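Below: the structure, in structure tokens.
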Amino acid sequence: MPAPTPELVHSRLARWARERGSQTAIQSDAGQLDFATLAQAVEDHAEALAEQRAPATVLQDARAPLPQRLVAFLGTIASGRCAAVSDPLWPPAVLQAVQSLLPTAPCDCPPPTPLTPFYTGFTSGSTGLPKGFRRHHRSWTESFDLCLQTFGRAAGQTILAPGRDSHSLFLFGMLLGLWTGAGVVVQEQFSAPATLDTLRSGQTPCLVAVPSQLLLMLEWAQHRQLAPIAATRLILISGARWPRARTAELQALFPQARIIEFYGASETSFIAWTDSQPDLPDDVVGTPFATVEIDVRGASPDSPEGLIYVRSPMVFMDYVGNANDHTAALRDGDWVCVRDLGTLDALGRLHVAGRESRMLVTLAKKLFPEELETVLEAHPAIARASVHGLPDAARGVQVVAVLQWANAATERPSLQALQAWCRARLEAYKLPRHLWVATQWRFTASGKTDHRALGLALDQHRQAPQEIPWLSPWH
């Protein structure tokens, strides 16, 4: 009996083209592709790259419509090459810098294997230049299988992935929908009303989303007094910390959905997961996935949080170019650490205090901004928070919070009122000493709060006081 063909990220397309060729594979505002058309387009693209002897890594055109980008991505990896996914919001200088890191020599690439690099994604670097990370096929096919084993039938149904393919979470959702043969619905630009309409139609029982999208959907649903959406069966949340104070509200909007939070990173894929529960401690990210091992290193009685190391078949291969900054992952043999600090409790649950690079020391004590941000964002008047430390001779750093008010907030609390809110939930040294309000929030390309940009604006004002149109102090 011949050995089974190894699974590759794209290898099921031929099967779905035979078995369900007329079924929609990709649907977007620009149109749709069925599985037969998609499989043929992918094969044609792969053959064209082979004839051109394209380099071993091909930078994808971020300007093309999303269905075309997915065809090009799948065609690139089917040719044995690695697809580098750029972001359409990169300025020209960043795009040129990334291009300079990629190979340019013509390549006769051999057929791909499970350990062939198929994807180069990019995360934010400390210098503003994105860090490229490479993944091989097996790291994602293992993730696909684990997702289905962990979350069941709903994860194998049609997926709504309303984000850019330059964000690895949404790319994962798109490729999972094609892997299972259920198909995927995508959006060129996120729209809360369009997402809610799609979910209400029942076409997409599974939603992959980041917290900022879900919060906008809740605001829209509340503003329009929308009825609950019963067709959604599974919501997968990742990319940032979900404010669990809003879980009950999200469950009321999607009464039949299982709401899952999972913790991971571009370099590690899945690490831990939990059903979202309002009474779960804010720093608990869940229990490890079945194929994931966790080792917390460097903790002590005086400093209980240690660096979280992960070992699994889903970790990344390496970085592209020089990524030796303080945000790059640490490696120790098979173990990978993305520099998050945390603990494991007696129940086997992973607690994540925060990122090492964001930790503040005030009054000689550690403060993780993520903890204070979660408490602030639980206040009904606050939509988003970003916590920073400004130099202070007596304290080491002075804790400052940048806020964005919730749209529905009719009464906006004073600094003293918010300090009282925090004092009821946190130790006194963790309270913000000053507040700033941003009328225009800053996001990264992946939809997370851009803490670096907000911090730079605060620092700019401290060093040379001047009016910042979108940022002002609050008393």
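Here, A, B, ... name the chains of the structure tokens in the order displayed, residue numbers run from 1 inside each chain, and ligands are numbered from 1 in the same displayed order.
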
* Mind checking which residues fall within 10 Å of Thr374 (chain A), counting only C-alpha atoms, ignoring those fewer than 4 positions away in the same chain, and posting them as a PyMOL selection string? => chain A and resi 241-245+282-283+369-370+378-379+384-386

Selected residues written out with N, CA and C atoms, as a CSV table (one decimal), in the first residue's frame:
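To be explicit, this is the file written out as again_13.csv:
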chain,number,residue,atom,x,y,z
A,241,ARG,N,-6.3,41.1,24.7
A,241,ARG,CA,-7.0,40.6,25.8
A,241,ARG,C,-8.5,41.1,25.7
A,242,TRP,N,-9.4,40.1,25.8
A,242,TRP,CA,-10.9,40.4,25.7
A,242,TRP,C,-11.3,40.9,27.1
A,243,PRO,N,-12.1,42.0,27.1
A,243,PRO,CA,-12.6,42.5,28.4
A,243,PRO,C,-13.8,41.7,28.8
A,244,ARG,N,-13.6,40.8,29.8
A,244,ARG,CA,-14.6,39.9,30.2
A,244,ARG,C,-15.8,40.5,30.8
A,245,ALA,N,-15.7,41.8,31.2
A,245,ALA,CA,-16.9,42.5,31.7
A,245,ALA,C,-18.0,42.6,30.6
A,282,ASP,N,-9.0,38.1,35.5
A,282,ASP,CA,-8.7,38.8,34.2
A,282,ASP,C,-7.4,38.2,33.6
A,283,ASP,N,-6.4,37.8,34.4
A,283,ASP,CA,-5.1,37.4,33.9
A,283,ASP,C,-5.1,35.9,33.4
A,369,PRO,N,1.1,46.9,32.7
A,369,PRO,CA,0.0,47.8,32.2
A,369,PRO,C,-1.3,47.1,31.8
A,370,GLU,N,-1.1,45.8,31.3
A,370,GLU,CA,-2.3,45.1,30.9
A,370,GLU,C,-3.3,44.9,32.0
A,378,ALA,N,-13.1,47.9,32.1
A,378,ALA,CA,-14.3,47.4,32.6
A,378,ALA,C,-15.3,48.5,33.1
A,379,HIS,N,-14.8,49.7,33.2
A,379,HIS,CA,-15.7,50.8,33.5
A,379,HIS,C,-16.6,51.1,32.4
A,384,ARG,N,-11.6,52.1,25.6
A,384,ARG,CA,-10.2,51.6,25.5
A,384,ARG,C,-9.3,52.3,26.5
A,385,ALA,N,-8.2,51.6,26.8
A,385,ALA,CA,-7.2,52.2,27.7
A,385,ALA,C,-5.8,51.8,27.3
A,386,SER,N,-4.9,52.7,27.5
A,386,SER,CA,-3.5,52.4,27.3
A,386,SER,C,-2.6,53.0,28.4

Item to check | Residue contacts of Val361 (chain A) (9 Å, only C-alpha atoms) excluding same-chain residues fewer than 4 positions away, as a list of chain:residue names | outcome: A:Lys365, A:Lys366, A:Leu367, A:Phe368, A:Gly389, A:Arg395, A:Gly396, A:Val397

Restrict the selected residues to N, CA, C and O atoms and save them as a PDB file, in the first residue's frame.
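The file below, again.pdb, is the result:
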ATOM      1  N   LYS A 365       8.013  48.535  42.810  1.00  0.00           N
ATOM      2  CA  LYS A 365       7.141  47.381  42.620  1.00  0.00           C
ATOM      3  C   LYS A 365       6.783  47.249  41.136  1.00  0.00           C
ATOM      4  O   LYS A 365       6.690  48.250  40.413  1.00  0.00           O
ATOM      5  N   LYS A 366       6.572  45.997  40.714  1.00  0.00           N
ATOM      6  CA  LYS A 366       6.229  45.738  39.321  1.00  0.00           C
ATOM      7  C   LYS A 366       4.765  46.076  39.047  1.00  0.00           C
ATOM      8  O   LYS A 366       3.879  45.753  39.839  1.00  0.00           O
ATOM      9  N   LEU A 367       4.536  46.690  37.900  1.00  0.00           N
ATOM     10  CA  LEU A 367       3.175  46.952  37.429  1.00  0.00           C
ATOM     11  C   LEU A 367       3.103  46.525  35.970  1.00  0.00           C
ATOM     12  O   LEU A 367       3.895  46.986  35.142  1.00  0.00           O
ATOM     13  N   PHE A 368       2.159  45.643  35.681  1.00  0.00           N
ATOM     14  CA  PHE A 368       1.930  45.253  34.297  1.00  0.00           C
ATOM     15  C   PHE A 368       0.788  46.100  33.742  1.00  0.00           C
ATOM     16  O   PHE A 368      -0.341  46.032  34.257  1.00  0.00           O
ATOM     17  N   GLY A 389       4.281  54.663  31.598  1.00  0.00           N
ATOM     18  CA  GLY A 389       5.035  55.202  32.710  1.00  0.00           C
ATOM     19  C   GLY A 389       5.892  56.357  32.258  1.00  0.00           C
ATOM     20  O   GLY A 389       6.675  56.230  31.310  1.00  0.00           O
ATOM     21  N   ARG A 395       9.096  58.193  42.321  1.00  0.00           N
ATOM     22  CA  ARG A 395       8.419  56.915  42.133  1.00  0.00           C
ATOM     23  C   ARG A 395       9.156  55.963  41.198  1.00  0.00           C
ATOM     24  O   ARG A 395       8.839  54.778  41.141  1.00  0.00           O
ATOM     25  N   GLY A 396      10.085  56.456  40.435  1.00  0.00           N
ATOM     26  CA  GLY A 396      10.681  55.655  39.363  1.00  0.00           C
ATOM     27  C   GLY A 396       9.973  55.968  38.064  1.00  0.00           C
ATOM     28  O   GLY A 396      10.556  56.523  37.133  1.00  0.00           O
ATOM     29  N   VAL A 397       8.684  55.635  38.010  1.00  0.00           N
ATOM     30  CA  VAL A 397       7.832  56.100  36.916  1.00  0.00           C
ATOM     31  C   VAL A 397       6.494  56.517  37.512  1.00  0.00           C
ATOM     32  O   VAL A 397       6.074  56.033  38.563  1.00  0.00           O
TER      33      VAL A 397
END

key: Neighbour list for Ile259 (chain A) as number ranges by chain, cut-off 8 Å, only C-alpha atoms, skip fewer than 2 positions in-chain   = A: 234-237, 251, 257, 261, 275-276

Which of region 190-334 of chain A fall in helix (DSSP H, G or I), as a compact mmCIF listing (two decimals) with N, CA and C atoms, in the first residue's frame:
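Once written, result.txt looks like this:
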# COMPACT_ATOMS: atom_id res chain seq x y z
N ALA A 192 -18.71 46.71 11.03
CA ALA A 192 -19.54 46.08 12.05
C ALA A 192 -20.93 45.73 11.53
N PRO A 193 -21.64 46.65 10.85
CA PRO A 193 -22.97 46.28 10.36
C PRO A 193 -22.94 45.15 9.32
N ALA A 194 -21.93 45.16 8.43
CA ALA A 194 -21.84 44.09 7.43
C ALA A 194 -21.55 42.75 8.10
N THR A 195 -20.69 42.75 9.12
CA THR A 195 -20.39 41.52 9.84
C THR A 195 -21.63 40.98 10.53
N LEU A 196 -22.38 41.85 11.18
CA LEU A 196 -23.59 41.42 11.86
C LEU A 196 -24.63 40.89 10.87
N ASP A 197 -24.75 41.54 9.72
CA ASP A 197 -25.69 41.07 8.70
C ASP A 197 -25.32 39.68 8.21
N THR A 198 -24.02 39.46 7.97
CA THR A 198 -23.57 38.14 7.50
C THR A 198 -23.85 37.08 8.55
N LEU A 199 -23.56 37.36 9.80
CA LEU A 199 -23.81 36.40 10.86
C LEU A 199 -25.31 36.11 11.01
N ARG A 200 -26.13 37.13 10.87
CA ARG A 200 -27.57 36.94 10.99
C ARG A 200 -28.12 36.07 9.86
N SER A 201 -27.47 36.10 8.71
CA SER A 201 -27.95 35.30 7.57
C SER A 201 -27.80 33.81 7.81
N PRO A 211 -10.79 41.53 19.71
CA PRO A 211 -11.69 42.24 20.63
C PRO A 211 -12.20 43.58 20.11
N SER A 212 -11.35 44.36 19.45
CA SER A 212 -11.80 45.68 18.99
C SER A 212 -12.98 45.56 18.03
N GLN A 213 -13.00 44.51 17.20
CA GLN A 213 -14.12 44.31 16.28
C GLN A 213 -15.40 43.97 17.04
N LEU A 214 -15.29 43.09 18.01
CA LEU A 214 -16.46 42.68 18.78
C LEU A 214 -17.05 43.85 19.56
N LEU A 215 -16.19 44.71 20.09
CA LEU A 215 -16.68 45.88 20.82
C LEU A 215 -17.43 46.83 19.89
N LEU A 216 -16.94 47.01 18.68
CA LEU A 216 -17.64 47.85 17.71
C LEU A 216 -18.98 47.22 17.34
N MET A 217 -19.01 45.89 17.22
CA MET A 217 -20.27 45.21 16.91
C MET A 217 -21.28 45.37 18.04
N LEU A 218 -20.81 45.28 19.28
CA LEU A 218 -21.70 45.48 20.42
C LEU A 218 -22.25 46.90 20.46
N GLU A 219 -21.39 47.89 20.17
CA GLU A 219 -21.84 49.28 20.15
C GLU A 219 -22.89 49.49 19.07
N TRP A 220 -22.65 48.90 17.89
CA TRP A 220 -23.60 49.05 16.78
C TRP A 220 -24.94 48.37 17.13
N ALA A 221 -24.86 47.17 17.69
CA ALA A 221 -26.08 46.43 18.04
C ALA A 221 -26.88 47.17 19.10
N GLN A 222 -26.18 47.76 20.07
CA GLN A 222 -26.87 48.51 21.11
C GLN A 222 -27.51 49.77 20.55
N HIS A 223 -26.76 50.47 19.70
CA HIS A 223 -27.27 51.71 19.11
C HIS A 223 -28.51 51.46 18.26
N ARG A 224 -28.50 50.35 17.51
CA ARG A 224 -29.62 50.02 16.62
C ARG A 224 -30.66 49.11 17.28
N ARG A 244 -13.58 40.83 29.82
CA ARG A 244 -14.63 39.86 30.21
C ARG A 244 -15.84 40.52 30.83
N ALA A 245 -15.73 41.79 31.20
CA ALA A 245 -16.90 42.50 31.68
C ALA A 245 -17.96 42.60 30.58
N ARG A 246 -17.54 42.40 29.33
CA ARG A 246 -18.49 42.49 28.20
C ARG A 246 -18.96 41.12 27.71
N THR A 247 -18.51 40.03 28.36
CA THR A 247 -18.87 38.69 27.89
C THR A 247 -20.37 38.46 27.95
N ALA A 248 -21.02 38.86 29.04
CA ALA A 248 -22.46 38.65 29.16
C ALA A 248 -23.21 39.37 28.04
N GLU A 249 -22.75 40.57 27.73
CA GLU A 249 -23.38 41.34 26.64
C GLU A 249 -23.18 40.66 25.30
N LEU A 250 -21.98 40.12 25.08
CA LEU A 250 -21.71 39.41 23.83
C LEU A 250 -22.54 38.13 23.76
N GLN A 251 -22.66 37.42 24.86
CA GLN A 251 -23.46 36.19 24.88
C GLN A 251 -24.93 36.49 24.63
N ALA A 252 -25.42 37.63 25.13
CA ALA A 252 -26.82 38.00 24.89
C ALA A 252 -27.06 38.29 23.41
N LEU A 253 -26.07 38.87 22.73
CA LEU A 253 -26.22 39.14 21.30
C LEU A 253 -26.14 37.86 20.48

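When the distance limit is 12 Å and only C-alpha atoms are what count, the residues near Asp108 (chain A), minus those fewer than 3 positions from it on the same chain, are Glu47, Leu49, Ala50, Glu51, Gln52, Arg53, Ala54, Pro55, Ala56, Thr57, Ser79, Gly80, Arg81, Ala105, Pro111 and Pro112 of chain A.
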
Students should find that CA of Trp441 (chain A) and CA of Gln404 (chain A) are spaced 7.0 Å

- request: Might you pull out every residue within 12 Å of Leu175 (chain A), with only C-alpha atoms counted and same-chain residues fewer than 5 positions away left off, and present them as a ChimeraX atom specification?
  value: /A:8-13,25-26,67,70-71,73-74,119,137,140-141,143-144,156,158-161,165,168-170,180-186,208

Self-check item: Residues near region 267-270 of chain A, cut-off 6 Å, only C-alpha atoms, skip fewer than 3 positions along chain, as a ChimeraX atom specification
Solution: /A:264,314-316

Open item on the list: Which residues are close to Leu471 (chain A), i.e. within 9 Å by only C-alpha atoms, leaving aside same-chain residues fewer than 2 positions away? Reply as a PyMOL selection string.
Closed with: chain A and resi 402+436-440+457-458+467-469+473

Would you put the residues from that selection into a file with C-alpha atoms, as a PDB file, in the first residue's frame?
ATOM      1  CA  VAL A 402      -4.703  57.231  27.979  1.00  0.00           C
ATOM      2  CA  TRP A 436      -5.292  61.691  29.063  1.00  0.00           C
ATOM      3  CA  VAL A 437      -8.160  61.326  26.603  1.00  0.00           C
ATOM      4  CA  ALA A 438      -7.684  60.456  22.940  1.00  0.00           C
ATOM      5  CA  THR A 439     -10.404  61.363  20.465  1.00  0.00           C
ATOM      6  CA  GLN A 440      -8.659  59.338  17.753  1.00  0.00           C
ATOM      7  CA  ALA A 457       2.736  61.107  21.764  1.00  0.00           C
ATOM      8  CA  LEU A 458       2.811  61.386  25.567  1.00  0.00           C
ATOM      9  CA  GLU A 467      -1.024  71.016  21.752  1.00  0.00           C
ATOM     10  CA  ILE A 468      -1.835  67.576  20.313  1.00  0.00           C
ATOM     11  CA  PRO A 469      -5.212  67.890  18.526  1.00  0.00           C
ATOM     12  CA  PRO A 473      -5.281  65.857  29.701  1.00  0.00           C
TER      13      PRO A 473
END

Handout entry: DSSP-assigned strand (DSSP E) among region 122-312 of chain A, expressed as a ChimeraX atom specification
Key = /A:122-123,131-136,159-161,184-186,206-209,234-237,258-265,269-275,284-288,293-297,306-311

* Quick one: of A:Pro88, A:Leu415, A:Pro391, A:Ala46, who's nearest to Arg462 (chain A), counting only C-alpha atoms? ->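 Looking at the shortest contact to Arg462 (chain A), the residue is A:Pro391.
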
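Considering the residues A:Ala364, A:Val352, A:Ala420, A:Val98 and counting only C-alpha atoms, Val85 (chain A) has its shortest atom-to-atom contact with A:Val98.
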
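Put simply, CA of Ala39 (chain A) is 23.0 Å away from CA of Leu148 (chain A).
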
I need the residue nearest Leu171 (chain A) from this list: A:Cys109, A:Ala209, A:Ile308, A:Ala41. Use only C-alpha atoms for the distance.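 Nearest to Leu171 (chain A): A:Ala209.
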
* Distance CA of Leu33 (chain A)-CA of Arg153 (chain A), one decimal place? ->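 Going from CA of Leu33 (chain A) over to CA of Arg153 (chain A), I get 23.7 Å.
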